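Some notes on the structure that comes next.
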Amino acid sequence: MSIIQIQHLYKTFGTGENAVHALEDISLDIQKGEIFGIIGLSGAGKSTLVRCMNLLERPSSGTVIVDGKDMTALSEKELRLARRNVTMIFQSFNLLSNLTVAENIILSMDASGKSFDKPKKAIVEELLKQAHLPKEYANERILHLSGGEQQRIAIARSIISDAPIVVLDEATAFADPENEVLIQKAFAVLTKGRTVIMIAHRLSTVVGADKILVLDQGRVVEQGT
């Protein structure tokens, strides 16, 4: 069963002689529960493609269907609700550095619109455990943590959403070997039973994917295992 279908997708930035054709005639089909890898060099269009999947970037033309909904046809209100089905983890973490770890996680809890049957403090401690971080980190400010630790906080925060689709955009690109192992363990918790889209420069990062798509200069040049 398809959970994401993209048909004849084009994305152009700018106009005239200065136009940049970031994506050209992209079509793909991602099955529910599948691990789908997207690889290519810098500038190949990987991140633009994923941002078009939940309309963080609006395609110039083409169709994006996520969980049966045509994302390009939704109102802004409908789009905000539909985006809750996709959790995106970027290499930039997207954490608020002036807040504590707990405050970052609680913000995501409040934004999720879900009700919780445990106190927020207990949930924060449980999520830190799943991210292989001690509960004492709850009161640490984000700016005092290493890059690998921040990435695990981003993962812990994403577990809250319970979204059926998880996008990992070069999520271990800058992690040292020790942190990469812990990040991968946290990913195992986050991605269990979900559809996973992995973006990477290196084939080795996505070699275990069910399907791999190779982008070059905005075009699909290979698809397969």
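Just so we're on the same page: first chain in the structure tokens is A, next is B, and so on; residues restart at 1 for each chain, and ligands are numbered from 1 in the order they show up.
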Where does DSSP see alpha helix (DSSP H) in segment 64-224 of chain A, if you list the residues as a PyMOL selection string?
chain A and resi 76-82+101-112+120-130+147-159+177-191
Tell me which protein, DNA and RNA residues are within 12 Å of Lys192 of chain A, counting only C-alpha atoms, leaving out same-chain ones fewer than 4 positions away, and put them as an mmCIF file with N, CA, C and O atoms, in the first residue's frame.
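Dumped to part_1.cif:
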data_model
loop_
_atom_site.group_PDB
_atom_site.id
_atom_site.type_symbol
_atom_site.label_atom_id
_atom_site.label_comp_id
_atom_site.auth_asym_id
_atom_site.auth_seq_id
_atom_site.Cartn_x
_atom_site.Cartn_y
_atom_site.Cartn_z
ATOM 1 N N GLY A 33 5.457 1.395 5.575
ATOM 2 C CA GLY A 33 6.387 0.547 6.313
ATOM 3 C C GLY A 33 7.732 0.352 5.648
ATOM 4 O O GLY A 33 8.605 -0.322 6.195
ATOM 5 N N GLU A 34 7.927 0.963 4.505
ATOM 6 C CA GLU A 34 9.160 0.800 3.740
ATOM 7 C C GLU A 34 10.268 1.721 4.268
ATOM 8 O O GLU A 34 10.004 2.802 4.788
ATOM 9 N N ILE A 35 11.511 1.270 4.149
ATOM 10 C CA ILE A 35 12.666 2.149 4.351
ATOM 11 C C ILE A 35 13.134 2.576 2.966
ATOM 12 O O ILE A 35 13.530 1.744 2.146
ATOM 13 N N ILE A 159 9.869 11.470 18.863
ATOM 14 C CA ILE A 159 9.135 10.274 19.277
ATOM 15 C C ILE A 159 7.728 10.649 19.746
ATOM 16 O O ILE A 159 6.775 9.889 19.573
ATOM 17 N N ASP A 162 4.566 10.578 17.176
ATOM 18 C CA ASP A 162 3.969 9.306 16.752
ATOM 19 C C ASP A 162 3.518 9.361 15.298
ATOM 20 O O ASP A 162 2.554 8.696 14.900
ATOM 21 N N ALA A 163 4.197 10.177 14.484
ATOM 22 C CA ALA A 163 3.849 10.311 13.064
ATOM 23 C C ALA A 163 4.174 9.017 12.320
ATOM 24 O O ALA A 163 5.184 8.371 12.610
ATOM 25 N N PRO A 164 3.353 8.625 11.349
ATOM 26 C CA PRO A 164 3.604 7.374 10.622
ATOM 27 C C PRO A 164 4.778 7.446 9.651
ATOM 28 O O PRO A 164 5.254 6.415 9.180
ATOM 29 N N ILE A 165 5.239 8.675 9.333
ATOM 30 C CA ILE A 165 6.346 8.850 8.388
ATOM 31 C C ILE A 165 7.473 9.605 9.074
ATOM 32 O O ILE A 165 7.249 10.653 9.683
ATOM 33 N N VAL A 166 8.695 9.072 8.982
ATOM 34 C CA VAL A 166 9.871 9.707 9.573
ATOM 35 C C VAL A 166 10.879 10.000 8.470
ATOM 36 O O VAL A 166 11.221 9.116 7.681
ATOM 37 N N LYS A 185 20.746 3.788 17.805
ATOM 38 C CA LYS A 185 19.880 3.085 18.765
ATOM 39 C C LYS A 185 18.601 3.883 19.014
ATOM 40 O O LYS A 185 17.510 3.314 19.120
ATOM 41 N N ALA A 186 18.755 5.219 19.117
ATOM 42 C CA ALA A 186 17.570 6.068 19.309
ATOM 43 C C ALA A 186 16.680 6.036 18.068
ATOM 44 O O ALA A 186 15.447 6.029 18.182
ATOM 45 N N PHE A 187 17.297 5.990 16.894
ATOM 46 C CA PHE A 187 16.523 5.885 15.653
ATOM 47 C C PHE A 187 15.691 4.613 15.644
ATOM 48 O O PHE A 187 14.565 4.595 15.137
ATOM 49 N N ALA A 188 16.246 3.524 16.175
ATOM 50 C CA ALA A 188 15.527 2.243 16.181
ATOM 51 C C ALA A 188 14.212 2.363 16.935
ATOM 52 O O ALA A 188 13.204 1.768 16.549
ATOM 53 N N VAL A 196 10.052 5.058 6.722
ATOM 54 C CA VAL A 196 11.268 5.844 6.956
ATOM 55 C C VAL A 196 11.877 6.274 5.628
ATOM 56 O O VAL A 196 12.071 5.457 4.723
#
When distances are computed from only C-alpha atoms, which of A:Gly14, A:Gly224, A:Gly37, A:Gly148 shows the smallest separation from Ala131 of chain A?
A:Gly148
Which one is closest to Leu9 of chain A: A:Arg58, A:Arg152, A:Lys69, A:Lys32? Count only C-alpha atoms.
A:Arg58
Name the residues in contact with Phe13 of chain A at a cut-off of 12 Å, using only C-alpha atoms, excluding same-chain residues fewer than 4 positions from it; report them as a list of chain:residue names.
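The contact residues come out as A:Glu17, A:Asn18, A:Ala19, A:Val20, A:His21, A:Ala22, A:Leu23, A:Glu24, A:Gly45, A:Thr48, A:Glu57, A:Arg58, A:Pro59, A:Ser60.
Atom CA of Asp67 of chain A lies 18.0 Å from atom CA of His8 of chain A.
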Can you tell me which residues surround segment 206-214 of chain A at a distance of at most 12 Å, considering only C-alpha atoms, apart from same-chain residues fewer than 2 positions away, and format the answer as a PyMOL selection string?
chain A and resi 26-41+44-46+49+168-172+195-204+216-225
Neighbour list for Leu96 of chain A as a PyMOL selection string, cut-off 10 Å, only C-alpha atoms, skip fewer than 5 positions in-chain:
chain A and resi 101+103-104+107+141-143
Calculated over only C-alpha atoms, which of the candidates A:Val189, A:Gln5, A:Val167, A:Gln150 has the smallest distance to Ser47 of chain A?
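Ranking A:Val189, A:Gln5, A:Val167, A:Gln150 by distance to Ser47 of chain A, first place goes to A:Val167.
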